[in-house]
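Listing of query_2.cif, mmCIF, C-alpha atoms
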```cif
data_query
#
loop_
_atom_site.label_atom_id
_atom_site.label_comp_id
_atom_site.auth_asym_id
_atom_site.auth_seq_id
_atom_site.Cartn_x
_atom_site.Cartn_y
_atom_site.Cartn_z
CA MET L 70 167.74 215.68 -124.36
CA PHE L 71 165.47 213.37 -126.40
CA GLY L 72 166.33 214.55 -129.89
CA ASN L 73 164.16 216.44 -132.34
CA ASN L 74 161.47 213.75 -132.40
CA PHE L 75 160.18 214.36 -128.88
CA ASN L 76 158.07 217.39 -127.98
CA LEU L 77 158.04 218.21 -124.30
CA ILE L 78 155.05 220.27 -123.16
CA ASN L 79 155.14 219.89 -119.36
CA PRO L 80 158.17 219.09 -117.28
CA ILE L 81 158.63 215.34 -117.00
CA ALA L 82 159.92 213.33 -114.10
CA PHE L 83 161.33 209.83 -114.41
CA VAL L 84 160.50 208.25 -111.07
CA ASP L 85 161.88 205.08 -109.49
CA VAL L 86 161.12 203.60 -106.09
CA ALA L 87 162.71 200.80 -104.11
CA SER L 88 160.53 199.27 -101.44
CA THR L 89 160.19 196.74 -98.66
CA SER L 90 157.76 194.51 -100.56
CA LEU L 91 156.11 193.90 -103.92
CA GLU L 92 152.74 193.74 -102.12
CA LEU L 93 151.35 197.26 -102.12
CA THR L 94 149.44 196.75 -98.88
CA LYS L 95 152.69 195.94 -97.04
CA ALA L 96 155.20 198.00 -99.03
CA ARG L 97 157.02 201.05 -97.78
CA ILE L 98 159.48 203.13 -99.81
CA VAL L 99 163.19 202.78 -98.96
CA ARG L 100 164.52 204.95 -101.80
CA ILE L 101 162.94 207.38 -104.23
CA SER L 102 164.86 208.73 -107.22
CA VAL L 103 163.71 211.37 -109.69
CA LEU L 104 165.28 212.62 -112.91
CA LYS L 105 163.38 215.77 -113.88
CA PHE L 106 163.51 217.56 -117.24
CA SER L 107 162.07 221.02 -117.77
CA SER L 108 160.56 222.12 -121.06
CA SER L 109 163.66 224.32 -121.56
CA GLY L 110 165.83 221.18 -121.49
CA SER L 111 167.47 221.54 -118.08
CA LYS L 112 167.65 218.45 -115.91
CA GLN L 113 167.87 217.75 -112.19
CA TYR L 114 168.43 214.52 -110.33
CA LYS L 115 167.36 213.83 -106.75
CA SER L 116 167.50 210.61 -104.80
CA HIS L 117 166.75 209.97 -101.13
CA LEU L 118 167.19 206.93 -98.95
CA ILE L 119 164.05 206.63 -96.86
CA ASN L 120 163.66 205.01 -93.47
CA PRO L 121 160.59 202.81 -93.99
CA GLU L 122 160.03 202.62 -90.23
CA CYS L 123 159.89 198.83 -90.51
CA ASP L 124 162.32 196.01 -91.30
CA ILE L 125 163.47 195.55 -94.88
CA PRO L 126 163.08 191.85 -95.72
CA GLU L 127 166.15 190.08 -97.09
CA ASP L 128 164.29 189.25 -100.34
CA ALA L 129 163.72 192.97 -100.96
CA SER L 130 167.33 193.84 -100.05
CA ASN L 131 168.54 191.26 -102.55
CA ILE L 132 166.69 193.13 -105.30
CA HIS L 133 167.63 196.76 -104.58
CA LEU L 134 170.69 196.20 -102.33
CA ILE L 135 169.38 198.46 -99.56
CA ASN L 136 169.28 196.97 -96.07
CA ASN L 137 168.22 198.06 -92.58
CA GLU L 138 171.71 199.34 -91.76
CA ASP L 139 171.67 201.59 -94.86
CA VAL L 140 168.49 203.40 -93.78
CA LYS L 141 168.84 203.43 -89.99
CA ASP L 142 169.81 207.13 -89.96
CA ALA L 143 167.67 208.13 -92.95
CA LYS L 144 164.58 210.26 -92.55
CA PRO L 145 161.10 208.79 -93.05
CA PHE L 146 159.08 209.60 -96.18
CA ASN L 147 157.02 212.24 -94.38
CA ALA L 148 160.18 214.34 -93.92
CA TYR L 149 160.41 214.66 -97.73
CA ALA L 150 156.72 214.56 -98.65
CA LYS L 151 156.03 218.30 -98.80
CA SER L 152 159.15 219.21 -100.79
CA LEU L 153 158.75 216.17 -103.07
CA SER L 154 155.14 217.09 -103.83
CA LYS L 155 156.24 220.62 -104.71
CA TYR L 156 159.20 219.32 -106.78
CA LEU L 157 156.88 217.08 -108.83
CA SER L 158 154.16 219.72 -109.16
CA GLY L 159 153.10 220.13 -112.79
CA CYS L 160 155.26 217.24 -113.97
CA ASP L 161 154.10 214.42 -116.14
CA LEU L 162 155.44 211.15 -114.72
CA ILE L 163 157.35 208.32 -116.38
CA GLY L 164 158.49 205.07 -114.83
CA PHE L 165 158.91 201.35 -115.36
CA GLY L 166 155.88 199.72 -113.76
CA ILE L 167 154.75 203.10 -112.45
CA LYS L 168 151.03 202.65 -113.10
CA ARG L 169 150.71 199.25 -111.50
CA TYR L 170 153.13 199.71 -108.62
CA GLY L 171 155.28 202.85 -108.31
CA LEU L 172 152.59 205.53 -108.40
CA PRO L 173 150.12 203.69 -106.12
CA LEU L 174 152.95 203.23 -103.59
CA ILE L 175 154.01 206.88 -103.82
CA ARG L 176 150.41 208.03 -103.39
CA LYS L 177 150.03 205.72 -100.37
CA GLU L 178 153.10 207.29 -98.75
CA PHE L 179 151.81 210.81 -99.45
CA ARG L 180 148.45 209.92 -97.87
CA LYS L 181 150.21 208.56 -94.77
CA SER L 182 152.10 211.86 -94.62
CA LYS L 183 148.85 213.80 -95.02
CA ILE L 184 150.24 215.60 -98.08
CA TYR L 185 148.06 216.09 -101.14
CA PHE L 186 149.64 214.63 -104.28
CA PRO L 187 147.34 215.07 -107.26
CA VAL L 188 147.52 212.87 -110.33
CA ARG L 189 144.67 214.56 -112.14
CA ASN L 190 145.84 216.60 -115.14
CA ARG L 191 149.12 214.68 -115.31
CA ILE L 192 150.17 212.28 -117.97
CA VAL L 193 151.60 209.05 -116.55
CA VAL L 194 153.59 206.91 -118.97
CA ASP L 195 154.56 203.39 -117.98
CA LEU L 196 157.65 202.20 -119.83
CA MET L 197 156.65 198.60 -119.13
CA GLN L 198 153.44 199.16 -121.08
CA ILE L 199 155.43 200.62 -123.97
CA TYR L 200 157.71 197.58 -123.88
CA HIS L 201 154.75 195.22 -123.92
CA GLN L 202 153.16 197.20 -126.74
CA VAL L 203 156.21 197.00 -129.02
CA GLU L 204 157.16 193.49 -127.91
CA PRO L 205 153.87 191.81 -126.99
CA ARG L 206 153.83 189.40 -124.10
CA ASN L 207 150.97 187.17 -125.12
CA PHE L 208 150.51 183.53 -126.14
CA VAL L 209 151.29 184.06 -129.84
CA ALA L 210 154.41 186.11 -129.09
CA ALA L 211 155.63 183.49 -126.59
CA PHE L 212 154.98 180.67 -129.03
CA ASN L 213 156.81 182.49 -131.82
CA ARG L 214 159.75 183.24 -129.51
CA PHE L 215 160.16 179.79 -127.93
CA VAL L 216 158.74 177.36 -130.48
CA GLY L 217 158.53 178.86 -133.95
CA PRO L 218 156.42 180.97 -136.29
CA ASP L 219 153.61 178.45 -136.84
CA SER L 220 151.51 179.15 -133.76
CA PRO L 221 148.60 176.85 -132.96
CA ASP L 222 145.02 177.56 -133.93
CA GLN L 223 143.78 179.86 -131.14
CA SER L 224 140.25 178.46 -131.42
CA ASN L 225 141.43 174.87 -130.90
CA PRO L 226 141.80 174.29 -127.13
CA LYS L 227 143.89 171.13 -127.52
CA GLU L 228 146.38 172.92 -129.78
CA ARG L 229 146.50 175.84 -127.34
CA VAL L 230 147.36 173.69 -124.28
CA GLU L 231 149.86 171.67 -126.33
CA GLY L 232 151.34 175.01 -127.34
CA MET L 233 151.73 175.95 -123.67
CA ARG L 234 153.75 172.79 -123.09
CA GLU L 235 155.96 173.69 -126.07
CA ILE L 236 156.44 177.24 -124.72
CA LEU L 237 157.63 175.87 -121.35
CA LYS L 238 160.01 173.47 -123.08
CA GLY L 239 161.44 176.38 -125.10
CA GLN L 240 161.80 178.56 -121.99
CA LEU L 241 163.61 175.78 -120.15
CA ARG L 242 165.88 175.28 -123.17
CA ASP L 243 166.73 178.98 -123.56
CA PHE L 244 167.01 179.97 -119.90
CA PRO L 245 169.11 177.64 -117.72
CA GLU L 246 168.37 179.81 -114.66
CA ILE L 247 164.77 178.58 -114.64
CA PRO L 248 164.44 175.90 -111.93
CA ARG L 249 163.64 172.40 -113.08
CA ASN L 250 160.63 171.61 -110.89
CA ILE L 251 157.27 173.28 -110.49
CA ASN L 252 157.65 174.14 -106.77
CA GLU L 253 160.97 175.88 -107.36
CA ILE L 254 159.62 177.67 -110.45
CA SER L 255 156.72 178.98 -108.37
CA ARG L 256 159.09 180.38 -105.71
CA TRP L 257 161.49 181.71 -108.38
CA ILE L 258 158.87 183.81 -110.22
CA LYS L 259 157.76 185.41 -106.92
CA TYR L 260 161.31 186.76 -106.47
#
```
Represent the supplied structure as structure tokens.
Amino acid sequence: MFGNNFNLINPIAFVDVASTSLELTKARIVRISVLKFSSSGSKQYKSHLINPECDIPEDASNIHLINNEDVKDAKPFNAYAKSLSKYLSGCDLIGFGIKRYGLPLIRKEFRKSKIYFPVRNRIVVDLMQIYHQVEPRNFVAAFNRFVGPDSPDQSNPKERVEGMREILKGQLRDFPEIPRNINEISRWIKY
């Protein structure tokens, strides 16, 4: 499954959610997918379309390609909550952005369904955090990527803000999909 370099103690579940919004307070799940591996090496995949019981905004549909028509006959999350909680029982959880977004959203849906979903005694690994650890997303890394290896003196504020300008110039040079004015950039990064 993962090769000889990975020791699996508990079952692990790779979890992905698609939702109605990136704002946790507004978001509802429209799809949940789980790839589960047991310590013996067997794997199971489950995925459910979920009726969020609200409209799916076009911006969200453009990201995950699920629209209101797709979920009109789907069951709401509470129809799956009990079996999903049991299915994930004892599993450590892995996901991309799971700590910041996926797990809080899942827990919110379980609470709405009045189903207990414990996270205590589970390991939660966020693949985005791993990615940022091995490929840092900080000022020095951005400067090195978009300008060159001679990053400015971090203690010199003028060099730092000049460096920010150089980073933006490099991003605009390397990524033609970035809009060319600040208002459009602001809307673009919000998805």
Mind checking which residues fall within 10 Å of Val99 of chain L, counting only C-alpha atoms, ignoring those fewer than 3 positions away in the same chain, and posting them as a list in words?
->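 My reading of the contact set: Val86, Ala87, Ser88, Thr89, Ala96, His117, Leu118, Ile119, Asn120, Pro121, Glu122, Cys123, Ile125, Ser130, His133, Ile135, Asn136, Asn137, Asp139, Val140, Ala143, Lys144, Pro145 and Phe146 of chain L.
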Quick one: write out the picked residues with C-alpha atoms as a PDB file, in the coordinates of the input?
```pdb
ATOM      1  CA  VAL L  86     161.120 203.600-106.090  1.00  0.00           C
ATOM      2  CA  ALA L  87     162.710 200.800-104.110  1.00  0.00           C
ATOM      3  CA  SER L  88     160.530 199.270-101.440  1.00  0.00           C
ATOM      4  CA  THR L  89     160.190 196.740 -98.660  1.00  0.00           C
ATOM      5  CA  ALA L  96     155.200 198.000 -99.030  1.00  0.00           C
ATOM      6  CA  HIS L 117     166.750 209.970-101.130  1.00  0.00           C
ATOM      7  CA  LEU L 118     167.190 206.930 -98.950  1.00  0.00           C
ATOM      8  CA  ILE L 119     164.050 206.630 -96.860  1.00  0.00           C
ATOM      9  CA  ASN L 120     163.660 205.010 -93.470  1.00  0.00           C
ATOM     10  CA  PRO L 121     160.590 202.810 -93.990  1.00  0.00           C
ATOM     11  CA  GLU L 122     160.030 202.620 -90.230  1.00  0.00           C
ATOM     12  CA  CYS L 123     159.890 198.830 -90.510  1.00  0.00           C
ATOM     13  CA  ILE L 125     163.470 195.550 -94.880  1.00  0.00           C
ATOM     14  CA  SER L 130     167.330 193.840-100.050  1.00  0.00           C
ATOM     15  CA  HIS L 133     167.630 196.760-104.580  1.00  0.00           C
ATOM     16  CA  ILE L 135     169.380 198.460 -99.560  1.00  0.00           C
ATOM     17  CA  ASN L 136     169.280 196.970 -96.070  1.00  0.00           C
ATOM     18  CA  ASN L 137     168.220 198.060 -92.580  1.00  0.00           C
ATOM     19  CA  ASP L 139     171.670 201.590 -94.860  1.00  0.00           C
ATOM     20  CA  VAL L 140     168.490 203.400 -93.780  1.00  0.00           C
ATOM     21  CA  ALA L 143     167.670 208.130 -92.950  1.00  0.00           C
ATOM     22  CA  LYS L 144     164.580 210.260 -92.550  1.00  0.00           C
ATOM     23  CA  PRO L 145     161.100 208.790 -93.050  1.00  0.00           C
ATOM     24  CA  PHE L 146     159.080 209.600 -96.180  1.00  0.00           C
TER      25      PHE L 146
END
```
Result set, the PyMOL selection byres ((chain L and resi 147-164) around 10) on current file, as a PyMOL selection string | chain L and resi 77-86+101+103-107+115+117+119-120+143-146+165-168+170-172+175+178-188+190-198
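Minimum distance to Asn131 of chain L across L:Asn225, L:Ser255, L:Asn213, L:Ser90 (counting all atoms listed in the file) occurs at L:Ser90.
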Restricting to only C-alpha atoms, whichever of L:Leu237, L:Ile251, L:Val230, L:Ile132 is closest to Arg214 of chain L is L:Leu237
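Going from atom CA of Val216 of chain L over to atom CA of Arg256 of chain L, you cover 25.0 Å.
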Just the residues within 10 Å of Gly217 of chain L, please, counting all atoms listed in the file, with nothing from its chain fewer than 4 positions along; format it as a PyMOL selection string.
-> chain L and resi 209-213+235-236+239
Can I get a file of segment 118-153 of chain L from the given structure, N, CA and C atoms kept, as a compact mmCIF listing (two decimals), in the first residue's frame?
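What follows is the written file result00.txt:
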```
# COMPACT_ATOMS: atom_id res chain seq x y z
N LEU L 118 -22.90 11.57 -2.40
CA LEU L 118 -23.43 12.90 -2.65
C LEU L 118 -24.38 13.20 -1.51
N ILE L 119 -24.33 14.42 -1.04
CA ILE L 119 -25.13 14.83 0.11
C ILE L 119 -26.02 16.00 -0.30
N ASN L 120 -27.28 15.94 0.06
CA ASN L 120 -28.15 17.08 -0.15
C ASN L 120 -27.88 18.07 0.98
N PRO L 121 -27.34 19.26 0.67
CA PRO L 121 -26.98 20.19 1.73
C PRO L 121 -28.19 20.91 2.34
N GLU L 122 -29.35 20.67 1.77
CA GLU L 122 -30.59 21.31 2.23
C GLU L 122 -30.53 22.83 2.12
N CYS L 123 -29.76 23.28 1.13
CA CYS L 123 -29.68 24.70 0.78
C CYS L 123 -29.13 24.76 -0.65
N ASP L 124 -29.19 25.94 -1.25
CA ASP L 124 -28.66 26.09 -2.61
C ASP L 124 -27.14 25.98 -2.62
N ILE L 125 -26.63 25.40 -3.69
CA ILE L 125 -25.18 25.36 -3.91
C ILE L 125 -24.84 26.55 -4.80
N PRO L 126 -24.07 27.50 -4.29
CA PRO L 126 -23.70 28.67 -5.11
C PRO L 126 -22.90 28.26 -6.34
N GLU L 127 -23.06 29.03 -7.40
CA GLU L 127 -22.36 28.75 -8.65
C GLU L 127 -20.84 28.71 -8.45
N ASP L 128 -20.30 29.61 -7.62
CA ASP L 128 -18.86 29.62 -7.36
C ASP L 128 -18.39 28.28 -6.81
N ALA L 129 -19.17 27.70 -5.90
CA ALA L 129 -18.81 26.40 -5.32
C ALA L 129 -18.93 25.31 -6.38
N SER L 130 -20.01 25.34 -7.16
CA SER L 130 -20.19 24.34 -8.22
C SER L 130 -19.05 24.38 -9.23
N ASN L 131 -18.54 25.57 -9.50
CA ASN L 131 -17.42 25.69 -10.44
C ASN L 131 -16.17 25.01 -9.92
N ILE L 132 -16.03 24.89 -8.62
CA ILE L 132 -14.86 24.24 -8.03
C ILE L 132 -15.01 22.72 -8.05
N HIS L 133 -16.13 22.20 -7.51
CA HIS L 133 -16.26 20.75 -7.37
C HIS L 133 -17.19 20.10 -8.39
N LEU L 134 -17.81 20.92 -9.25
CA LEU L 134 -18.66 20.44 -10.35
C LEU L 134 -19.91 19.71 -9.88
N ILE L 135 -20.39 20.03 -8.69
CA ILE L 135 -21.63 19.47 -8.17
C ILE L 135 -22.63 20.63 -8.08
N ASN L 136 -23.81 20.43 -8.67
CA ASN L 136 -24.80 21.52 -8.63
C ASN L 136 -26.08 21.04 -7.95
N ASN L 137 -27.04 21.95 -7.84
CA ASN L 137 -28.30 21.63 -7.15
C ASN L 137 -29.02 20.44 -7.77
N GLU L 138 -29.00 20.35 -9.09
CA GLU L 138 -29.66 19.23 -9.78
C GLU L 138 -29.02 17.89 -9.39
N ASP L 139 -27.69 17.89 -9.22
CA ASP L 139 -26.98 16.65 -8.87
C ASP L 139 -27.39 16.10 -7.51
N VAL L 140 -27.76 16.96 -6.59
CA VAL L 140 -28.04 16.51 -5.21
C VAL L 140 -29.52 16.56 -4.84
N LYS L 141 -30.38 16.90 -5.79
CA LYS L 141 -31.80 17.08 -5.45
C LYS L 141 -32.44 15.80 -4.88
N ASP L 142 -31.99 14.62 -5.32
CA ASP L 142 -32.54 13.37 -4.80
C ASP L 142 -31.61 12.69 -3.79
N ALA L 143 -30.51 13.35 -3.46
CA ALA L 143 -29.56 12.78 -2.49
C ALA L 143 -30.11 12.94 -1.08
N LYS L 144 -29.62 12.11 -0.19
CA LYS L 144 -30.02 12.19 1.22
C LYS L 144 -29.19 13.26 1.93
N PRO L 145 -29.73 13.85 2.98
CA PRO L 145 -28.95 14.81 3.76
C PRO L 145 -27.88 14.11 4.59
N PHE L 146 -26.93 14.88 5.11
CA PHE L 146 -25.83 14.31 5.88
C PHE L 146 -26.32 13.45 7.03
N ASN L 147 -27.38 13.88 7.70
CA ASN L 147 -27.83 13.12 8.88
C ASN L 147 -28.26 11.69 8.54
N ALA L 148 -28.60 11.41 7.28
CA ALA L 148 -28.93 10.05 6.88
C ALA L 148 -27.71 9.13 6.88
N TYR L 149 -26.51 9.72 6.77
CA TYR L 149 -25.27 8.94 6.74
C TYR L 149 -24.47 9.06 8.03
N ALA L 150 -24.83 9.99 8.89
CA ALA L 150 -23.99 10.35 10.03
C ALA L 150 -23.66 9.16 10.93
N LYS L 151 -24.65 8.37 11.30
CA LYS L 151 -24.41 7.25 12.21
C LYS L 151 -23.47 6.21 11.59
N SER L 152 -23.74 5.82 10.35
CA SER L 152 -22.90 4.80 9.70
C SER L 152 -21.51 5.36 9.40
N LEU L 153 -21.42 6.64 9.06
CA LEU L 153 -20.12 7.25 8.78
C LEU L 153 -19.28 7.34 10.04
```
